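Below: start35.pdb (PDB, C-alpha atoms)
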```pdb
ATOM      1  CA  MET A 222     -27.351 -24.153  -4.751  1.00  0.00           C
ATOM      2  CA  SER A 223     -24.839 -24.848  -7.515  1.00  0.00           C
ATOM      3  CA  MET A 224     -22.176 -22.271  -8.270  1.00  0.00           C
ATOM      4  CA  PRO A 225     -21.460 -20.785 -11.723  1.00  0.00           C
ATOM      5  CA  PRO A 226     -18.856 -22.685 -13.785  1.00  0.00           C
ATOM      6  CA  ASP A 227     -16.289 -19.893 -13.346  1.00  0.00           C
ATOM      7  CA  THR A 228     -16.477 -20.058  -9.520  1.00  0.00           C
ATOM      8  CA  TYR A 229     -13.855 -21.879  -7.431  1.00  0.00           C
ATOM      9  CA  ILE A 230     -13.037 -22.234  -3.739  1.00  0.00           C
ATOM     10  CA  CYS A 231     -10.209 -20.378  -1.968  1.00  0.00           C
ATOM     11  CA  PRO A 232      -7.915 -22.965  -0.322  1.00  0.00           C
ATOM     12  CA  VAL A 233      -7.258 -20.672   2.666  1.00  0.00           C
ATOM     13  CA  THR A 234     -10.668 -19.213   3.506  1.00  0.00           C
ATOM     14  CA  LYS A 235     -12.925 -21.786   1.778  1.00  0.00           C
ATOM     15  CA  LEU A 236     -14.800 -18.833   0.274  1.00  0.00           C
ATOM     16  CA  PRO A 237     -15.978 -18.775  -3.359  1.00  0.00           C
ATOM     17  CA  ILE A 238     -13.671 -17.321  -6.019  1.00  0.00           C
ATOM     18  CA  ILE A 239     -14.918 -15.791  -9.272  1.00  0.00           C
ATOM     19  CA  ASN A 240     -12.251 -16.242 -11.938  1.00  0.00           C
ATOM     20  CA  LYS A 241     -13.334 -15.484 -15.498  1.00  0.00           C
ATOM     21  CA  PRO A 242     -11.272 -16.641 -18.506  1.00  0.00           C
ATOM     22  CA  GLU A 243     -10.990 -13.055 -19.797  1.00  0.00           C
ATOM     23  CA  TRP A 244      -9.307 -12.081 -16.511  1.00  0.00           C
ATOM     24  CA  ASN A 245      -6.540 -14.665 -16.830  1.00  0.00           C
ATOM     25  CA  LYS A 246      -3.005 -13.604 -17.833  1.00  0.00           C
ATOM     26  CA  VAL A 247      -4.112 -10.441 -19.588  1.00  0.00           C
ATOM     27  CA  GLY A 248      -1.157  -8.822 -21.386  1.00  0.00           C
ATOM     28  CA  PHE A 249      -0.477  -5.085 -21.441  1.00  0.00           C
ATOM     29  CA  GLY A 250       2.663  -4.898 -23.562  1.00  0.00           C
ATOM     30  CA  ASN A 251       6.120  -6.428 -23.324  1.00  0.00           C
ATOM     31  CA  ASP A 252       6.008  -9.311 -20.841  1.00  0.00           C
ATOM     32  CA  TYR A 253       3.725  -7.727 -18.212  1.00  0.00           C
ATOM     33  CA  LYS A 254       0.557  -9.714 -17.409  1.00  0.00           C
ATOM     34  CA  ILE A 255      -2.212  -9.670 -14.800  1.00  0.00           C
ATOM     35  CA  SER A 256      -4.631 -12.346 -13.617  1.00  0.00           C
ATOM     36  CA  ALA A 257      -7.577 -11.188 -11.492  1.00  0.00           C
ATOM     37  CA  GLU A 258     -10.159 -12.829  -9.239  1.00  0.00           C
ATOM     38  CA  ILE A 259     -12.836 -11.819  -6.750  1.00  0.00           C
ATOM     39  CA  ILE A 260     -13.200 -13.702  -3.465  1.00  0.00           C
ATOM     40  CA  ASP A 261     -16.513 -13.590  -1.620  1.00  0.00           C
ATOM     41  CA  GLU A 262     -17.559 -10.256  -3.163  1.00  0.00           C
ATOM     42  CA  GLN A 263     -15.208  -8.052  -1.095  1.00  0.00           C
ATOM     43  CA  ILE A 264     -11.680  -9.287  -1.776  1.00  0.00           C
ATOM     44  CA  PHE A 265     -10.096  -8.422  -5.127  1.00  0.00           C
ATOM     45  CA  VAL A 266      -6.849 -10.236  -5.985  1.00  0.00           C
ATOM     46  CA  THR A 267      -4.471  -9.471  -8.835  1.00  0.00           C
ATOM     47  CA  HIS A 268      -1.467 -11.650  -9.706  1.00  0.00           C
ATOM     48  CA  ASN A 269       1.185  -9.584 -11.503  1.00  0.00           C
ATOM     49  CA  SER A 270       4.098 -10.863 -13.571  1.00  0.00           C
ATOM     50  CA  GLY A 271       6.767  -9.347 -15.785  1.00  0.00           C
ATOM     51  CA  THR A 272       8.150  -5.817 -15.744  1.00  0.00           C
ATOM     52  CA  PRO A 273       5.496  -3.103 -16.180  1.00  0.00           C
ATOM     53  CA  THR A 274       6.236   0.148 -17.993  1.00  0.00           C
ATOM     54  CA  LEU A 275       4.240   3.319 -17.331  1.00  0.00           C
ATOM     55  CA  HIS A 276       2.047   2.526 -20.363  1.00  0.00           C
ATOM     56  CA  ASP A 277       1.475  -1.006 -19.042  1.00  0.00           C
ATOM     57  CA  VAL A 278       0.458   0.284 -15.618  1.00  0.00           C
ATOM     58  CA  GLN A 279      -1.963   2.794 -17.136  1.00  0.00           C
ATOM     59  CA  ASN A 280      -3.700   0.030 -19.114  1.00  0.00           C
ATOM     60  CA  ALA A 281      -3.636  -2.352 -16.160  1.00  0.00           C
ATOM     61  CA  MET A 282      -5.289   0.202 -13.890  1.00  0.00           C
ATOM     62  CA  HIS A 283      -8.014   0.709 -16.508  1.00  0.00           C
ATOM     63  CA  PHE A 284      -8.513  -3.079 -16.644  1.00  0.00           C
ATOM     64  CA  THR A 285      -8.835  -3.481 -12.865  1.00  0.00           C
ATOM     65  CA  THR A 286     -11.076  -0.403 -12.569  1.00  0.00           C
ATOM     66  CA  HIS A 287     -13.439  -1.965 -15.112  1.00  0.00           C
ATOM     67  CA  ILE A 288     -13.717  -5.150 -13.007  1.00  0.00           C
ATOM     68  CA  ILE A 289     -14.251  -3.192  -9.786  1.00  0.00           C
ATOM     69  CA  ASP A 290     -16.937  -0.961 -11.299  1.00  0.00           C
ATOM     70  CA  ASN A 291     -18.832  -3.838 -12.895  1.00  0.00           C
ATOM     71  CA  PHE A 292     -18.506  -6.685 -10.403  1.00  0.00           C
ATOM     72  CA  LEU A 293     -18.183  -5.170  -6.917  1.00  0.00           C
ATOM     73  CA  ASP A 294     -21.443  -3.177  -7.067  1.00  0.00           C
ATOM     74  CA  ASP A 295     -20.204  -0.169  -5.063  1.00  0.00           C
ATOM     75  CA  ARG A 296     -19.244  -2.425  -2.130  1.00  0.00           C
ATOM     76  CA  SER A 297     -16.203  -1.668   0.003  1.00  0.00           C
ATOM     77  CA  TYR A 298     -13.393  -4.077  -0.789  1.00  0.00           C
ATOM     78  CA  ILE A 299      -9.783  -5.066  -0.144  1.00  0.00           C
ATOM     79  CA  HIS A 300      -7.244  -5.328  -2.969  1.00  0.00           C
ATOM     80  CA  ILE A 301      -4.538  -7.991  -2.599  1.00  0.00           C
ATOM     81  CA  PHE A 302      -1.513  -7.521  -4.873  1.00  0.00           C
ATOM     82  CA  ASP A 303       0.620 -10.567  -5.696  1.00  0.00           C
ATOM     83  CA  TYR A 304       4.027  -9.247  -6.840  1.00  0.00           C
ATOM     84  CA  SER A 305       5.933 -12.515  -6.449  1.00  0.00           C
ATOM     85  CA  GLU A 306       6.528 -12.736 -10.220  1.00  0.00           C
ATOM     86  CA  ILE A 307       7.800  -9.168 -10.612  1.00  0.00           C
ATOM     87  CA  LYS A 308      11.561  -9.335 -10.254  1.00  0.00           C
ATOM     88  CA  GLN A 309      12.822  -6.308 -12.177  1.00  0.00           C
ATOM     89  CA  ARG A 310      12.740  -2.679 -11.075  1.00  0.00           C
ATOM     90  CA  VAL A 311       9.431  -0.852 -11.578  1.00  0.00           C
ATOM     91  CA  SER A 312       9.985   2.698 -12.839  1.00  0.00           C
ATOM     92  CA  LEU A 313       9.415   5.684 -10.584  1.00  0.00           C
ATOM     93  CA  GLU A 314       6.784   7.082 -12.985  1.00  0.00           C
ATOM     94  CA  ALA A 315       4.848   3.797 -13.025  1.00  0.00           C
ATOM     95  CA  ARG A 316       4.844   3.566  -9.222  1.00  0.00           C
ATOM     96  CA  ARG A 317       3.647   7.146  -8.800  1.00  0.00           C
ATOM     97  CA  PHE A 318       0.859   6.682 -11.354  1.00  0.00           C
ATOM     98  CA  ALA A 319      -0.343   3.511  -9.603  1.00  0.00           C
ATOM     99  CA  ILE A 320      -0.393   5.225  -6.187  1.00  0.00           C
ATOM    100  CA  LYS A 321      -2.303   8.197  -7.614  1.00  0.00           C
ATOM    101  CA  GLU A 322      -4.930   5.909  -9.139  1.00  0.00           C
ATOM    102  CA  LEU A 323      -5.306   3.800  -5.984  1.00  0.00           C
ATOM    103  CA  LYS A 324      -5.819   6.929  -3.880  1.00  0.00           C
ATOM    104  CA  GLY A 325      -8.853   7.718  -6.041  1.00  0.00           C
ATOM    105  CA  ARG A 326     -10.579   4.390  -5.331  1.00  0.00           C
ATOM    106  CA  LYS A 327     -12.944   5.447  -2.568  1.00  0.00           C
ATOM    107  CA  GLN A 328     -14.397   1.957  -2.040  1.00  0.00           C
ATOM    108  CA  MET A 329     -11.016   0.410  -1.188  1.00  0.00           C
ATOM    109  CA  LEU A 330     -10.585  -0.334   2.507  1.00  0.00           C
ATOM    110  CA  ALA A 331      -7.051  -1.676   2.235  1.00  0.00           C
ATOM    111  CA  ALA A 332      -4.198  -2.660  -0.060  1.00  0.00           C
ATOM    112  CA  ILE A 333      -2.340  -5.831   0.925  1.00  0.00           C
ATOM    113  CA  PHE A 334       0.912  -6.788  -0.808  1.00  0.00           C
ATOM    114  CA  TYR A 335       2.940  -9.990  -0.873  1.00  0.00           C
ATOM    115  CA  GLY A 336       5.923 -11.186  -2.864  1.00  0.00           C
ATOM    116  CA  LEU A 337       7.523  -7.736  -2.889  1.00  0.00           C
ATOM    117  CA  SER A 338      11.148  -7.189  -3.854  1.00  0.00           C
ATOM    118  CA  PRO A 339      13.247  -5.416  -1.178  1.00  0.00           C
ATOM    119  CA  SER A 340      13.008  -2.064  -2.972  1.00  0.00           C
ATOM    120  CA  LEU A 341       9.230  -2.243  -3.536  1.00  0.00           C
ATOM    121  CA  LYS A 342       8.778  -3.287   0.083  1.00  0.00           C
ATOM    122  CA  LEU A 343      10.706  -0.248   1.249  1.00  0.00           C
ATOM    123  CA  ILE A 344       8.723   2.073  -1.041  1.00  0.00           C
ATOM    124  CA  ILE A 345       5.461   0.819   0.483  1.00  0.00           C
ATOM    125  CA  LYS A 346       6.889   1.456   3.943  1.00  0.00           C
ATOM    126  CA  ILE A 347       7.862   4.983   2.897  1.00  0.00           C
ATOM    127  CA  ALA A 348       4.311   5.648   1.684  1.00  0.00           C
ATOM    128  CA  ARG A 349       2.963   4.483   5.037  1.00  0.00           C
ATOM    129  CA  PHE A 350       5.608   6.437   6.941  1.00  0.00           C
ATOM    130  CA  PHE A 351       4.673   9.709   5.273  1.00  0.00           C
ATOM    131  CA  HIS A 352       0.950   8.997   5.410  1.00  0.00           C
ATOM    132  CA  LEU A 353       0.717   9.226   1.604  1.00  0.00           C
ATOM    133  CA  VAL A 354      -2.199   6.811   1.188  1.00  0.00           C
ATOM    134  CA  PRO A 355      -5.700   7.205   2.684  1.00  0.00           C
ATOM    135  CA  PHE A 356      -6.285   3.484   3.183  1.00  0.00           C
ATOM    136  CA  THR A 357      -4.868   0.644   5.247  1.00  0.00           C
ATOM    137  CA  CYS A 358      -1.667  -0.672   3.662  1.00  0.00           C
ATOM    138  CA  LEU A 359      -0.094  -3.992   4.704  1.00  0.00           C
ATOM    139  CA  ILE A 360       2.894  -6.064   3.632  1.00  0.00           C
ATOM    140  CA  THR A 361       2.516  -9.820   4.140  1.00  0.00           C
ATOM    141  CA  GLN A 362       4.721 -12.828   3.489  1.00  0.00           C
ATOM    142  CA  ASP A 363       2.449 -14.887   1.226  1.00  0.00           C
ATOM    143  CA  TYR A 364      -1.081 -15.538  -0.048  1.00  0.00           C
ATOM    144  CA  THR A 365      -2.185 -17.237   3.153  1.00  0.00           C
ATOM    145  CA  GLU A 366      -1.162 -14.339   5.386  1.00  0.00           C
ATOM    146  CA  ALA A 367      -2.667 -11.840   2.933  1.00  0.00           C
ATOM    147  CA  MET A 368      -6.054 -13.594   2.969  1.00  0.00           C
ATOM    148  CA  GLU A 369      -6.066 -13.900   6.761  1.00  0.00           C
ATOM    149  CA  SER A 370      -5.241 -10.193   7.071  1.00  0.00           C
ATOM    150  CA  ALA A 371      -8.027  -9.299   4.628  1.00  0.00           C
ATOM    151  CA  LEU A 372     -10.614 -11.214   6.659  1.00  0.00           C
ATOM    152  CA  THR A 373      -9.435  -9.510   9.855  1.00  0.00           C
ATOM    153  CA  ILE A 374      -9.779  -6.067   8.284  1.00  0.00           C
ATOM    154  CA  LEU A 375     -13.245  -6.871   6.916  1.00  0.00           C
ATOM    155  CA  ASN A 376     -14.373  -8.059  10.337  1.00  0.00           C
ATOM    156  CA  ASP A 377     -12.952  -4.932  11.994  1.00  0.00           C
ATOM    157  CA  SER A 378     -14.549  -2.648   9.404  1.00  0.00           C
ATOM    158  CA  GLU A 379     -17.970  -4.075  10.198  1.00  0.00           C
ATOM    159  CA  LYS A 380     -17.479  -3.085  13.838  1.00  0.00           C
ATOM    160  CA  ASN A 381     -15.694   0.199  13.176  1.00  0.00           C
ATOM    161  CA  PRO A 382     -15.616   1.798   9.698  1.00  0.00           C
ATOM    162  CA  LEU A 383     -12.487   3.785  10.619  1.00  0.00           C
ATOM    163  CA  ILE A 384      -9.872   1.049  10.590  1.00  0.00           C
ATOM    164  CA  VAL A 385      -6.759   1.579  12.699  1.00  0.00           C
ATOM    165  CA  GLU A 386      -3.730  -0.329  11.422  1.00  0.00           C
ATOM    166  CA  LYS A 387      -1.908  -2.595  13.824  1.00  0.00           C
ATOM    167  CA  LYS A 388       1.456  -4.352  14.017  1.00  0.00           C
ATOM    168  CA  LYS A 389       2.800  -4.485  10.457  1.00  0.00           C
ATOM    169  CA  ALA A 390       1.074  -1.291   9.340  1.00  0.00           C
ATOM    170  CA  LEU A 391       2.074   2.320   9.959  1.00  0.00           C
ATOM    171  CA  ASP A 392       2.302   3.092  13.676  1.00  0.00           C
ATOM    172  CA  CYS A 393      -0.878   4.884  14.782  1.00  0.00           C
ATOM    173  CA  GLU A 394       0.965   7.498  16.827  1.00  0.00           C
ATOM    174  CA  MET A 395       3.277   8.288  13.907  1.00  0.00           C
ATOM    175  CA  ALA A 396       0.327   8.756  11.574  1.00  0.00           C
ATOM    176  CA  ARG A 397      -1.313  11.221  13.971  1.00  0.00           C
ATOM    177  CA  LEU A 398       1.886  13.192  14.402  1.00  0.00           C
ATOM    178  CA  ILE A 399       2.508  13.442  10.645  1.00  0.00           C
ATOM    179  CA  GLU A 400      -1.110  14.423  10.065  1.00  0.00           C
ATOM    180  CA  ASN A 401      -0.846  17.228  12.637  1.00  0.00           C
ATOM    181  CA  ILE A 402       2.348  18.520  11.040  1.00  0.00           C
ATOM    182  CA  SER A 403       0.899  18.344   7.531  1.00  0.00           C
ATOM    183  CA  GLN A 404      -2.071  20.494   8.591  1.00  0.00           C
ATOM    184  CA  LYS A 405       0.190  23.423   9.385  1.00  0.00           C
ATOM    185  CA  LYS A 406      -0.065  26.018   6.622  1.00  0.00           C
ATOM    186  CA  PRO A 407       3.249  27.136   5.098  1.00  0.00           C
ATOM    187  CA  SER A 408       4.091  30.829   5.039  1.00  0.00           C
ATOM    188  CA  SER A 409       3.049  32.775   1.931  1.00  0.00           C
ATOM    189  CA  ASP A 410       6.640  33.383   0.883  1.00  0.00           C
ATOM    190  CA  ASN A 411       7.614  29.709   1.150  1.00  0.00           C
ATOM    191  CA  THR A 412       8.247  28.382  -2.366  1.00  0.00           C
ATOM    192  CA  ASP A 413      10.116  25.225  -1.349  1.00  0.00           C
ATOM    193  CA  PRO A 414       8.483  21.838  -2.123  1.00  0.00           C
ATOM    194  CA  ASP A 415       6.741  19.960   0.655  1.00  0.00           C
ATOM    195  CA  PRO A 416       9.491  18.427   2.863  1.00  0.00           C
ATOM    196  CA  PHE A 417       7.822  15.016   2.933  1.00  0.00           C
ATOM    197  CA  ASP A 418       7.469  14.897  -0.861  1.00  0.00           C
ATOM    198  CA  ARG A 419      11.090  15.952  -1.229  1.00  0.00           C
ATOM    199  CA  ALA A 420      12.238  13.298   1.242  1.00  0.00           C
ATOM    200  CA  VAL A 421      10.352  10.590  -0.656  1.00  0.00           C
ATOM    201  CA  GLU A 422      11.917  11.714  -3.937  1.00  0.00           C
ATOM    202  CA  LEU A 423      15.412  11.640  -2.454  1.00  0.00           C
ATOM    203  CA  ILE A 424      14.956   8.164  -0.986  1.00  0.00           C
ATOM    204  CA  GLU A 425      13.424   6.831  -4.208  1.00  0.00           C
ATOM    205  CA  ASP A 426      16.271   8.331  -6.233  1.00  0.00           C
ATOM    206  CA  GLU A 427      18.723   6.597  -3.916  1.00  0.00           C
ATOM    207  CA  ILE A 428      16.907   3.288  -4.391  1.00  0.00           C
ATOM    208  CA  GLN A 429      16.911   3.723  -8.165  1.00  0.00           C
ATOM    209  CA  TYR A 430      20.632   4.537  -8.139  1.00  0.00           C
ATOM    210  CA  LEU A 431      21.444   1.504  -6.049  1.00  0.00           C
ATOM    211  CA  GLU A 432      19.339  -0.819  -8.191  1.00  0.00           C
ATOM    212  CA  GLU A 433      21.372   0.219 -11.206  1.00  0.00           C
ATOM    213  CA  ARG A 434      24.591  -0.690  -9.456  1.00  0.00           C
ATOM    214  CA  LYS A 435      26.074  -4.136  -9.898  1.00  0.00           C
ATOM    215  CA  SER A 436      26.921  -4.534  -6.221  1.00  0.00           C
ATOM    216  CA  GLU A 437      23.994  -6.503  -4.766  1.00  0.00           C
ATOM    217  CA  THR A 438      25.559  -6.544  -1.300  1.00  0.00           C
ATOM    218  CA  ARG A 439      25.832  -2.770  -1.086  1.00  0.00           C
ATOM    219  CA  ARG A 440      22.269  -2.347  -2.342  1.00  0.00           C
ATOM    220  CA  GLN A 441      20.853  -4.741   0.250  1.00  0.00           C
ATOM    221  CA  ASN A 442      22.841  -3.103   3.045  1.00  0.00           C
ATOM    222  CA  THR A 443      21.618   0.373   2.077  1.00  0.00           C
ATOM    223  CA  LEU A 444      17.994  -0.764   1.830  1.00  0.00           C
ATOM    224  CA  ALA A 445      18.302  -2.330   5.272  1.00  0.00           C
ATOM    225  CA  ARG A 446      19.822   0.901   6.628  1.00  0.00           C
ATOM    226  CA  LEU A 447      16.952   2.991   5.233  1.00  0.00           C
ATOM    227  CA  ASP A 448      14.444   0.544   6.698  1.00  0.00           C
ATOM    228  CA  LYS A 449      16.158   0.872  10.090  1.00  0.00           C
ATOM    229  CA  ILE A 450      16.036   4.690   9.858  1.00  0.00           C
ATOM    230  CA  ILE A 451      12.289   4.610   9.214  1.00  0.00           C
ATOM    231  CA  SER A 452      11.704   2.286  12.170  1.00  0.00           C
ATOM    232  CA  SER A 453      13.803   4.546  14.389  1.00  0.00           C
ATOM    233  CA  ARG A 454      11.816   7.603  13.286  1.00  0.00           C
ATOM    234  CA  ASN A 455       8.581   5.807  14.160  1.00  0.00           C
ATOM    235  CA  GLU A 456       9.851   5.116  17.673  1.00  0.00           C
ATOM    236  CA  LYS A 457      11.056   8.687  18.204  1.00  0.00           C
ATOM    237  CA  ALA A 458       7.714  10.043  17.007  1.00  0.00           C
ATOM    238  CA  ARG A 459       5.865   7.785  19.438  1.00  0.00           C
ATOM    239  CA  ILE A 460       8.017   8.976  22.326  1.00  0.00           C
ATOM    240  CA  TYR A 461       7.535  12.610  21.301  1.00  0.00           C
ATOM    241  CA  TRP A 462       3.782  12.247  21.018  1.00  0.00           C
ATOM    242  CA  ASN A 463       3.554  10.545  24.411  1.00  0.00           C
ATOM    243  CA  SER A 464       5.553  13.405  25.959  1.00  0.00           C
ATOM    244  CA  LEU A 465       2.899  15.849  24.769  1.00  0.00           C
ATOM    245  CA  ARG A 466      -0.001  13.992  26.328  1.00  0.00           C
ATOM    246  CA  PRO A 467       0.375  15.260  29.919  1.00  0.00           C
ATOM    247  CA  ARG A 468       0.321  18.867  28.663  1.00  0.00           C
ATOM    248  CA  LEU A 469      -2.655  18.165  26.427  1.00  0.00           C
ATOM    249  CA  LYS A 470      -4.554  16.707  29.380  1.00  0.00           C
ATOM    250  CA  VAL A 471      -3.829  19.805  31.448  1.00  0.00           C
ATOM    251  CA  GLN A 472      -4.897  22.122  28.618  1.00  0.00           C
ATOM    252  CA  ASN A 473      -8.109  20.214  28.025  1.00  0.00           C
ATOM    253  CA  LYS A 474      -8.996  19.891  31.711  1.00  0.00           C
ATOM    254  CA  PRO A 475     -12.378  21.654  32.319  1.00  0.00           C
ATOM    255  CA  ASP A 476     -12.476  24.626  34.650  1.00  0.00           C
ATOM    256  CA  LYS A 477     -14.141  24.057  37.989  1.00  0.00           C
TER     257      LYS A 477
END
```
Turn the structure described in the file into structure tokens.
Amino acid sequence: MSMPPDTYICPVTKLPIINKPEWNKVGFGNDYKISAEIIDEQIFVTHNSGTPTLHDVQNAMHFTTHIIDNFLDDRSYIHIFDYSEIKQRVSLEARRFAIKELKGRKQMLAAIFYGLSPSLKLIIKIARFFHLVPFTCLITQDYTEAMESALTILNDSEKNPLIVEKKKALDCEMARLIENISQKKPSSDNTDPDPFDRAVELIEDEIQYLEERKSETRRQNTLARLDKIISSRNEKARIYWNSLRPRLKVQNKPDK
């Protein structure tokens, strides 16, 4: 059976790609552009370039939502984000709006990123660390690794709809610990902001401050230090959770 004229073949997976002319290098103001394609009905890829403002991101999200609603037919899917052509800092407001919109996409099984700048990479890790997104979130090196990861997730989702992230994703034990803590209700007289939200704001403010500094060496060193802190927290949380398991087993042991 012959394929439509706007269908191509993915060089990595050998699966068909739908790439319409009206999806190619669509501008949203300034120099920000997006190209979109659908691979084998369940993988949605967007190639981003330029420096998006909040207004650009709002229009871009509307554009991608239109494609998802009209061409994915309510199927679950994976969104691959190519950020290799975004070199400048993305504003805090634009990032928060994008995360809010992605959280509302119930069909999305996973978001996979590649080509991230050091600061964007750290922000994604922070979102995973604080369990801020309800879907699988991966950072990969390039298009090939992103496509291979997408196929793995799709295969796993067919066997088990509740996907558990592995290796490069948020540590499973850390996610469970954070979820348990977040379920605790604050006291009625507590007017302070959520500690996790406040921590994210402080770290993002630090990143923004450093990106405005001319010293590239200091910025890279600080980003690496924050990344190391997050990894250390993951390990401590795993150890803490494992220490609770013997007591949980005793508490849950049925009476004779």
If you count all atoms listed in the file, which residues fall within 7 Å of segment 363-365 of chain A, apart from same-chain ones fewer than 6 positions away, as a list of chain:residue names?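 The contact residues come out as A:Val233, A:Tyr335, A:Gly336.
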Two-atom distance - atom CA of Glu456 of chain A, atom CA of Thr373 of chain A (Å):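 Taking atom CA of Glu456 of chain A and atom CA of Thr373 of chain A, their separation equals 25.4 Å.
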Given the choices A:Thr357, A:Ser340, A:Asn280, A:Thr443, which gets closest to Ile299 of chain A if the distance is worked out from only C-alpha atoms?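 Ranking A:Thr357, A:Ser340, A:Asn280, A:Thr443 by distance to Ile299 of chain A, first place goes to A:Thr357.
In this structure, atom CA of Thr285 of chain A sits 12.0 Å away from atom CA of Ile301 of chain A.
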Rank A:Ala319, A:Glu262, A:Ile333, A:Glu314 by their smallest atom-to-atom distance to Ala367 of chain A, using all atoms listed in the file, and report the top residue only.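 Among A:Ala319, A:Glu262, A:Ile333, A:Glu314, it is A:Ile333 that comes nearest to Ala367 of chain A.
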Quick check on the file I pasted: which residues fall under the PyMOL selection byres ((chain A and resi 249) around 8)? Write them as a VMD selection string. chain A and resid 247 to 248 250 to 254 277 to 278 280 to 281
Starting from the shown file, work through the PyMOL selection byres ((chain A and resi 303) around 12) and note down what comes out as an MDAnalysis selection string. chainID A and resid 254:258 265:271 300:302 304:308 332:338 360:368
Go ahead and save the residues from that selection, with C-alpha atoms, as a PDB file, keeping the file's coordinate frame.
```pdb
ATOM      1  CA  LYS A 254       0.557  -9.714 -17.409  1.00  0.00           C
ATOM      2  CA  ILE A 255      -2.212  -9.670 -14.800  1.00  0.00           C
ATOM      3  CA  SER A 256      -4.631 -12.346 -13.617  1.00  0.00           C
ATOM      4  CA  ALA A 257      -7.577 -11.188 -11.492  1.00  0.00           C
ATOM      5  CA  GLU A 258     -10.159 -12.829  -9.239  1.00  0.00           C
ATOM      6  CA  PHE A 265     -10.096  -8.422  -5.127  1.00  0.00           C
ATOM      7  CA  VAL A 266      -6.849 -10.236  -5.985  1.00  0.00           C
ATOM      8  CA  THR A 267      -4.471  -9.471  -8.835  1.00  0.00           C
ATOM      9  CA  HIS A 268      -1.467 -11.650  -9.706  1.00  0.00           C
ATOM     10  CA  ASN A 269       1.185  -9.584 -11.503  1.00  0.00           C
ATOM     11  CA  SER A 270       4.098 -10.863 -13.571  1.00  0.00           C
ATOM     12  CA  GLY A 271       6.767  -9.347 -15.785  1.00  0.00           C
ATOM     13  CA  HIS A 300      -7.244  -5.328  -2.969  1.00  0.00           C
ATOM     14  CA  ILE A 301      -4.538  -7.991  -2.599  1.00  0.00           C
ATOM     15  CA  PHE A 302      -1.513  -7.521  -4.873  1.00  0.00           C
ATOM     16  CA  TYR A 304       4.027  -9.247  -6.840  1.00  0.00           C
ATOM     17  CA  SER A 305       5.933 -12.515  -6.449  1.00  0.00           C
ATOM     18  CA  GLU A 306       6.528 -12.736 -10.220  1.00  0.00           C
ATOM     19  CA  ILE A 307       7.800  -9.168 -10.612  1.00  0.00           C
ATOM     20  CA  LYS A 308      11.561  -9.335 -10.254  1.00  0.00           C
ATOM     21  CA  ALA A 332      -4.198  -2.660  -0.060  1.00  0.00           C
ATOM     22  CA  ILE A 333      -2.340  -5.831   0.925  1.00  0.00           C
ATOM     23  CA  PHE A 334       0.912  -6.788  -0.808  1.00  0.00           C
ATOM     24  CA  TYR A 335       2.940  -9.990  -0.873  1.00  0.00           C
ATOM     25  CA  GLY A 336       5.923 -11.186  -2.864  1.00  0.00           C
ATOM     26  CA  LEU A 337       7.523  -7.736  -2.889  1.00  0.00           C
ATOM     27  CA  SER A 338      11.148  -7.189  -3.854  1.00  0.00           C
ATOM     28  CA  ILE A 360       2.894  -6.064   3.632  1.00  0.00           C
ATOM     29  CA  THR A 361       2.516  -9.820   4.140  1.00  0.00           C
ATOM     30  CA  GLN A 362       4.721 -12.828   3.489  1.00  0.00           C
ATOM     31  CA  ASP A 363       2.449 -14.887   1.226  1.00  0.00           C
ATOM     32  CA  TYR A 364      -1.081 -15.538  -0.048  1.00  0.00           C
ATOM     33  CA  THR A 365      -2.185 -17.237   3.153  1.00  0.00           C
ATOM     34  CA  GLU A 366      -1.162 -14.339   5.386  1.00  0.00           C
ATOM     35  CA  ALA A 367      -2.667 -11.840   2.933  1.00  0.00           C
ATOM     36  CA  MET A 368      -6.054 -13.594   2.969  1.00  0.00           C
TER      37      MET A 368
END
```
Any chance you could resolve the PyMOL selection byres ((chain A and resi 239) around 8) against this file and give the residues as a PDB file with C-alpha atoms, in the coordinates of the input?
```
ATOM      1  CA  ASP A 227     -16.289 -19.893 -13.346  1.00  0.00           C
ATOM      2  CA  THR A 228     -16.477 -20.058  -9.520  1.00  0.00           C
ATOM      3  CA  TYR A 229     -13.855 -21.879  -7.431  1.00  0.00           C
ATOM      4  CA  PRO A 237     -15.978 -18.775  -3.359  1.00  0.00           C
ATOM      5  CA  ILE A 238     -13.671 -17.321  -6.019  1.00  0.00           C
ATOM      6  CA  ASN A 240     -12.251 -16.242 -11.938  1.00  0.00           C
ATOM      7  CA  LYS A 241     -13.334 -15.484 -15.498  1.00  0.00           C
ATOM      8  CA  GLU A 258     -10.159 -12.829  -9.239  1.00  0.00           C
ATOM      9  CA  ILE A 259     -12.836 -11.819  -6.750  1.00  0.00           C
ATOM     10  CA  ILE A 260     -13.200 -13.702  -3.465  1.00  0.00           C
TER      11      ILE A 260
END
```
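Atom CA of Thr286 of chain A is positioned 13.7 Å from atom CA of Ile320 of chain A.
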Excluding Leu375 of chain A and its own-chain neighbours fewer than 6 positions away, which residues fall within 9 Å of it when counting only C-alpha atoms? Please give them as a VMD selection string. chain A and resid 263 298 to 299 330
For segment 449-451 of chain A, please output as a ChimeraX atom specification all residues within 10 Å (counting only C-alpha atoms; exclusion window: fewer than 5 positions along the same chain). /A:343,346-347,350-351,443-444,456-457
Min atom-atom distance to Arg349 of chain A from the set A:Asn455, A:Pro242, A:Tyr461, A:Asn376, counting all atoms listed in the file, belongs to A:Asn455
Would you please work out which residue, of A:Asp448, A:Ile460, A:Met329, A:Ile230, is nearest to Ala371 of chain A when using only C-alpha atoms?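 Smallest separation from Ala371 of chain A among the options: A:Met329.
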Point out the residue among A:Glu243, A:Asp377, A:Glu369, A:Glu322 with the least atom-to-atom distance to His283 of chain A, counting only C-alpha atoms. A:Glu322
